[in-house]
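Here's data.cif, which has mmCIF, C-alpha atoms:
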data_entry
loop_
_atom_site.label_atom_id
_atom_site.label_comp_id
_atom_site.auth_asym_id
_atom_site.auth_seq_id
_atom_site.Cartn_x
_atom_site.Cartn_y
_atom_site.Cartn_z
CA MET D 246 9.44 9.33 -153.41
CA LEU D 247 9.92 5.68 -154.32
CA LYS D 248 13.68 6.18 -154.36
CA ASN D 249 13.57 6.97 -150.64
CA TRP D 250 11.70 3.78 -149.65
CA PRO D 251 14.87 1.79 -148.81
CA LEU D 252 15.99 4.54 -146.44
CA ILE D 253 12.51 4.83 -144.93
CA LEU D 254 12.32 1.07 -144.37
CA LEU D 255 15.81 1.07 -142.88
CA GLY D 256 14.79 3.87 -140.53
CA ILE D 257 11.67 1.99 -139.45
CA ALA D 258 13.73 -1.17 -138.87
CA ILE D 259 16.23 0.74 -136.73
CA ILE D 260 13.43 2.27 -134.67
CA CYS D 261 11.81 -1.15 -134.15
CA VAL D 262 15.12 -2.72 -133.07
CA ALA D 263 15.88 0.17 -130.72
CA THR D 264 12.39 -0.07 -129.22
CA ALA D 265 12.72 -3.83 -128.73
CA VAL D 266 16.16 -3.47 -127.11
CA GLY D 267 14.88 -0.67 -124.87
CA TYR D 268 11.83 -2.69 -123.84
CA LYS D 269 13.94 -5.74 -123.04
CA SER D 270 16.35 -3.65 -120.96
CA TRP D 271 13.42 -2.14 -119.10
CA THR D 272 11.82 -5.53 -118.35
CA ILE D 273 15.16 -6.88 -117.10
CA HIS D 274 15.55 -3.81 -114.88
CA VAL D 275 12.03 -4.31 -113.47
CA ALA D 276 12.63 -8.05 -112.91
CA LYS D 277 15.95 -7.42 -111.13
CA ASN D 278 14.19 -5.05 -108.73
CA ASP D 279 11.17 -7.30 -108.27
CA ILE D 280 13.11 -10.39 -107.20
CA TYR D 281 14.23 -8.53 -104.07
CA SER D 282 10.65 -8.06 -102.87
CA THR D 283 9.68 -9.96 -99.71
CA ALA D 284 5.91 -9.50 -99.70
CA PHE D 285 5.46 -12.94 -98.14
CA ASN D 286 8.45 -12.60 -95.77
CA GLU D 287 10.13 -15.40 -97.70
CA PHE D 288 13.66 -14.75 -96.44
CA SER D 289 16.23 -15.84 -93.88
CA GLY D 290 18.49 -13.49 -91.94
CA PRO D 291 17.89 -9.98 -90.58
CA ALA D 292 14.97 -8.07 -92.06
CA ASP D 293 17.15 -4.96 -92.41
CA ALA D 294 20.28 -6.68 -93.72
CA PRO D 295 22.01 -4.49 -96.34
CA ILE D 296 23.34 -7.43 -98.38
CA LYS D 297 20.69 -9.50 -100.13
CA LEU D 298 21.32 -12.82 -101.85
CA VAL D 299 18.44 -14.13 -103.99
CA GLU D 300 18.00 -17.85 -104.58
CA PHE D 301 15.63 -19.26 -107.19
CA ILE D 302 14.59 -22.49 -105.49
CA ASP D 303 12.51 -25.62 -106.02
CA TYR D 304 11.90 -27.95 -103.07
CA ARG D 305 11.98 -30.98 -105.40
CA CYS D 306 15.45 -29.95 -106.59
CA SER D 307 18.15 -32.17 -105.06
CA ALA D 308 20.81 -29.54 -105.84
CA CYS D 309 18.82 -26.99 -103.80
CA ARG D 310 18.78 -29.40 -100.86
CA MET D 311 22.52 -29.93 -101.23
CA LYS D 312 23.12 -26.16 -101.24
CA HIS D 313 20.98 -25.57 -98.14
CA ASP D 314 23.79 -26.29 -95.67
CA ASP D 315 26.10 -23.87 -97.50
CA LEU D 316 23.51 -21.13 -97.20
CA LYS D 317 23.13 -21.73 -93.46
CA ILE D 318 26.90 -21.42 -93.11
CA LEU D 319 26.88 -18.15 -95.06
CA LEU D 320 24.11 -16.75 -92.85
CA ALA D 321 26.06 -17.71 -89.71
CA LYS D 322 29.27 -16.09 -91.03
CA ASN D 323 27.68 -12.90 -92.38
CA SER D 324 25.47 -11.05 -89.91
CA ASP D 325 24.65 -8.43 -92.57
CA LEU D 326 23.28 -11.01 -95.05
CA GLN D 327 19.68 -11.75 -95.97
CA ILE D 328 18.75 -14.63 -98.29
CA ILE D 329 15.55 -14.09 -100.28
CA TYR D 330 13.88 -17.17 -101.76
CA ARG D 331 12.16 -16.96 -105.12
CA HIS D 332 10.07 -20.09 -105.55
CA TYR D 333 10.55 -21.35 -109.07
CA PRO D 334 8.86 -24.78 -109.29
CA VAL D 335 10.46 -26.26 -112.39
CA PHE D 336 9.80 -29.86 -111.29
CA GLY D 337 6.08 -29.84 -111.98
CA ALA D 338 2.77 -29.74 -110.15
CA GLN D 339 3.99 -31.19 -106.84
CA ALA D 340 6.80 -28.64 -106.70
CA ALA D 341 4.30 -25.84 -107.37
CA ASP D 342 2.01 -27.17 -104.61
CA GLU D 343 4.88 -27.21 -102.13
CA ALA D 344 5.90 -23.66 -103.02
CA ALA D 345 2.29 -22.56 -102.48
CA MET D 346 2.19 -24.34 -99.11
CA VAL D 347 5.31 -22.53 -97.94
CA LEU D 348 3.91 -19.15 -98.97
CA ALA D 349 0.66 -19.97 -97.15
CA ALA D 350 2.67 -20.82 -94.03
CA SER D 351 4.50 -17.51 -94.46
CA LEU D 352 1.19 -15.68 -94.13
CA GLN D 353 1.00 -17.14 -90.61
CA GLY D 354 4.55 -16.06 -89.77
CA LYS D 355 5.95 -19.56 -90.26
CA PHE D 356 8.18 -19.17 -93.28
CA ALA D 357 11.39 -20.30 -91.56
CA GLU D 358 9.76 -23.43 -90.16
CA ALA D 359 8.04 -24.31 -93.43
CA HIS D 360 11.16 -23.67 -95.50
CA GLU D 361 13.24 -25.95 -93.29
CA TYR D 362 10.49 -28.60 -93.33
CA PHE D 363 10.25 -28.73 -97.13
CA ILE D 364 13.92 -28.29 -98.03
CA SER D 365 14.88 -31.22 -95.79
CA ARG D 366 12.36 -33.66 -97.31
CA GLU D 367 13.45 -36.23 -99.89
CA THR D 368 9.83 -36.90 -100.91
CA PRO D 369 7.12 -34.35 -101.77
CA VAL D 370 4.29 -33.45 -99.41
CA LYS D 371 1.13 -34.95 -100.91
CA THR D 372 -2.45 -34.03 -100.10
CA GLU D 373 -2.75 -36.89 -97.62
CA ASP D 374 0.39 -35.65 -95.81
CA MET D 375 -0.96 -32.15 -95.28
CA PRO D 376 -2.79 -32.67 -91.93
CA LEU D 377 0.46 -33.89 -90.32
CA MET D 378 2.47 -31.07 -91.91
CA ILE D 379 -0.05 -28.47 -90.66
CA HIS D 380 0.16 -29.96 -87.16
CA GLU D 381 3.97 -30.12 -87.10
CA LEU D 382 4.30 -26.50 -88.26
CA GLY D 383 1.68 -25.29 -85.78
CA LEU D 384 -0.53 -23.72 -88.45
CA ASP D 385 -4.15 -22.69 -88.26
CA ARG D 386 -5.73 -25.36 -90.47
CA ASN D 387 -8.72 -23.36 -91.70
CA GLN D 388 -6.61 -20.35 -92.61
CA PHE D 389 -4.02 -22.51 -94.35
CA MET D 390 -6.57 -24.44 -96.39
CA GLY D 391 -8.18 -21.19 -97.47
CA GLU D 392 -4.92 -19.60 -98.58
CA TRP D 393 -2.56 -22.14 -100.08
CA ARG D 394 -4.37 -22.18 -103.43
CA SER D 395 -5.52 -18.58 -103.28
CA PRO D 396 -5.20 -16.19 -106.27
CA GLU D 397 -2.74 -14.09 -104.23
CA ILE D 398 -0.28 -16.95 -103.92
CA GLY D 399 -0.86 -18.12 -107.50
CA ILE D 400 -0.07 -14.63 -108.80
CA GLN D 401 3.13 -14.55 -106.74
CA LEU D 402 4.32 -17.86 -108.20
CA ILE D 403 3.50 -16.73 -111.75
CA LYS D 404 5.41 -13.49 -111.12
CA ASN D 405 8.42 -15.48 -109.90
CA MET D 406 8.37 -17.62 -113.05
CA ASP D 407 7.98 -14.58 -115.32
CA ASN D 408 10.92 -12.85 -113.64
CA ALA D 409 13.01 -16.01 -113.92
CA LYS D 410 12.31 -16.21 -117.65
CA THR D 411 13.12 -12.52 -118.13
CA LEU D 412 16.46 -12.94 -116.33
CA GLY D 413 17.39 -16.10 -118.23
CA VAL D 414 17.00 -18.44 -115.24
CA ASN D 415 16.27 -21.98 -116.42
CA SER D 416 17.37 -24.12 -113.50
CA THR D 417 17.55 -24.21 -109.72
CA PRO D 418 19.31 -23.17 -107.64
CA THR D 419 20.28 -19.90 -109.32
CA PHE D 420 21.67 -17.00 -107.29
CA PHE D 421 21.70 -13.22 -107.66
CA ILE D 422 23.44 -10.70 -105.46
CA ASP D 423 23.67 -6.94 -105.94
CA LYS D 424 21.41 -7.49 -109.00
CA GLN D 425 24.06 -9.65 -110.66
CA ARG D 426 23.95 -13.38 -111.29
CA VAL D 427 26.50 -15.41 -109.34
CA GLY D 428 28.29 -17.97 -111.50
CA ASP D 429 28.40 -18.49 -115.25
CA GLY D 430 24.80 -19.57 -115.64
CA GLY D 431 25.85 -23.09 -116.60
CA SER D 432 24.99 -26.37 -114.94
CA GLN D 433 27.73 -25.94 -112.31
CA MET D 434 26.46 -24.42 -109.07
CA PRO D 435 28.56 -21.64 -107.56
CA SER D 436 30.65 -22.94 -104.68
CA ILE D 437 30.34 -21.56 -101.15
CA GLU D 438 33.62 -19.73 -101.81
CA GLU D 439 32.16 -18.05 -104.92
CA LEU D 440 29.06 -17.03 -103.00
CA GLN D 441 31.15 -15.63 -100.16
CA ALA D 442 33.29 -13.69 -102.64
CA ALA D 443 30.13 -12.21 -104.16
CA ILE D 444 28.93 -11.23 -100.67
CA ASP D 445 32.29 -9.59 -99.90
CA LYS D 446 32.17 -7.68 -103.19
CA ALA D 447 28.63 -6.47 -102.47
CA ARG D 448 29.79 -5.30 -99.02
CA GLU D 449 32.62 -3.27 -100.60
CA ASN D 450 30.17 -1.63 -102.98
#

Mind turning the file's structure into structure tokens?
Amino acid sequence: MLKNWPLILLGIAIICVATAVGYKSWTIHVAKNDIYSTAFNEFSGPADAPIKLVEFIDYRCSACRMKHDDLKILLAKNSDLQIIYRHYPVFGAQAADEAAMVLAASLQGKFAEAHEYFISRETPVKTEDMPLMIHELGLDRNQFMGEWRSPEIGIQLIKNMDNAKTLGVNSTPTFFIDKQRVGDGGSQMPSIEELQAAIDKAREN
């Protein structure tokens, strides 16, 4: 019996490794599906567009603001494209607050207006700025104040961050299309030409 222990231990180790690999593959599969959800209508482009480009975004990220014009160009050139925004506030508490504000605005059908408002700002929206922001976006103040720090929105932001971690996302902006990451995952953002090529490839598939 003792002579077989090395083989038994090896078998257990193989099973553990196979289980871990299988679990990781499953969580990645779930995350890749989940990032295409639009429960808060946090997208630009047609609701029924067959091609979906996901952007992990932080409104305090200067690179995200730089990329915004490219994304508007891509939407104008590709009528079958939808861009889904996954709020991934890597720049701290103010970034998380802004992401929550945009999702709260989405619940009033104002995602597009809120997204444009926040992505075009050089400085964060602070608590004292909120009354003006609510007025400029035409939001119901009582509804907004009751929702922007709600558990529903908090859970959505946590889910975004969990999915980002599972998929190896550690910076913004990061893009996925057809469940594949666009670019090499390094510090260099994909160019508008690379994004268009990924859109064309998704269309062929």

Expected selection from the PyMOL selection byres ((chain D and resi 289) around 7), given as a ChimeraX atom specification: /D:288,290-291,327-329,357

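Protein and nucleic acid residues near (-7.0, -23.5, -96.7) are Ala345, Met346, Leu348, Ala349, Ala350, Leu352, Gln353, Thr372, Met375, Pro376, Ile379, Leu384, Asp385, Arg386, Asn387, Gln388, Phe389, Met390, Gly391, Glu392, Trp393, Arg394, Ser395 and Ile398 of chain D, the criterion being any atom at most 12 Å away using only C-alpha atoms.
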
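Compared by their closest atoms to D:Glu287, and using only C-alpha atoms, the residues D:Asn415, D:Gln401, D:Ser365, D:Asn408 rank with D:Gln401 nearest.
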
Å distance separating atom CA of D:Ser351 from atom CA of D:Asn286, one decimal place: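 Interatomic distance, atom CA of D:Ser351 to atom CA of D:Asn286: 6.4 Å.
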
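Between atom CA of D:Tyr333 and atom CA of D:His313 there is a distance of 15.7 Å.
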
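Omitting stretch 421-429 of chain D and its sequence neighbours fewer than 5 positions away, and counting only C-alpha atoms, the residues within 8 Å are D:Lys277, D:Asn278, D:Ile296, D:Lys297, D:Leu298, D:Val299, D:Glu300, D:Met434, D:Pro435, D:Glu439, D:Leu440, D:Ala443, D:Ile444, D:Ala447.
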
Selection to disk with C-alpha atoms, as a compact mmCIF listing (two decimals), in the frame of the given file:
# COMPACT_ATOMS: atom_id res chain seq x y z
CA LYS D 277 15.95 -7.42 -111.13
CA ASN D 278 14.19 -5.05 -108.73
CA ILE D 296 23.34 -7.43 -98.38
CA LYS D 297 20.69 -9.50 -100.13
CA LEU D 298 21.32 -12.82 -101.85
CA VAL D 299 18.44 -14.13 -103.99
CA GLU D 300 18.00 -17.85 -104.58
CA MET D 434 26.46 -24.42 -109.07
CA PRO D 435 28.56 -21.64 -107.56
CA GLU D 439 32.16 -18.05 -104.92
CA LEU D 440 29.06 -17.03 -103.00
CA ALA D 443 30.13 -12.21 -104.16
CA ILE D 444 28.93 -11.23 -100.67
CA ALA D 447 28.63 -6.47 -102.47

Atom-to-atom span, atom CA of D:Leu382 and atom CA of D:His332, Å: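 Going from atom CA of D:Leu382 over to atom CA of D:His332 covers 19.3 Å.
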
Within 12 Å of D:Ala338 using all atoms listed in the file, minus same-chain residues under 4 positions, as a ChimeraX atom specification: /D:303-305,333-334,342-345,369-371
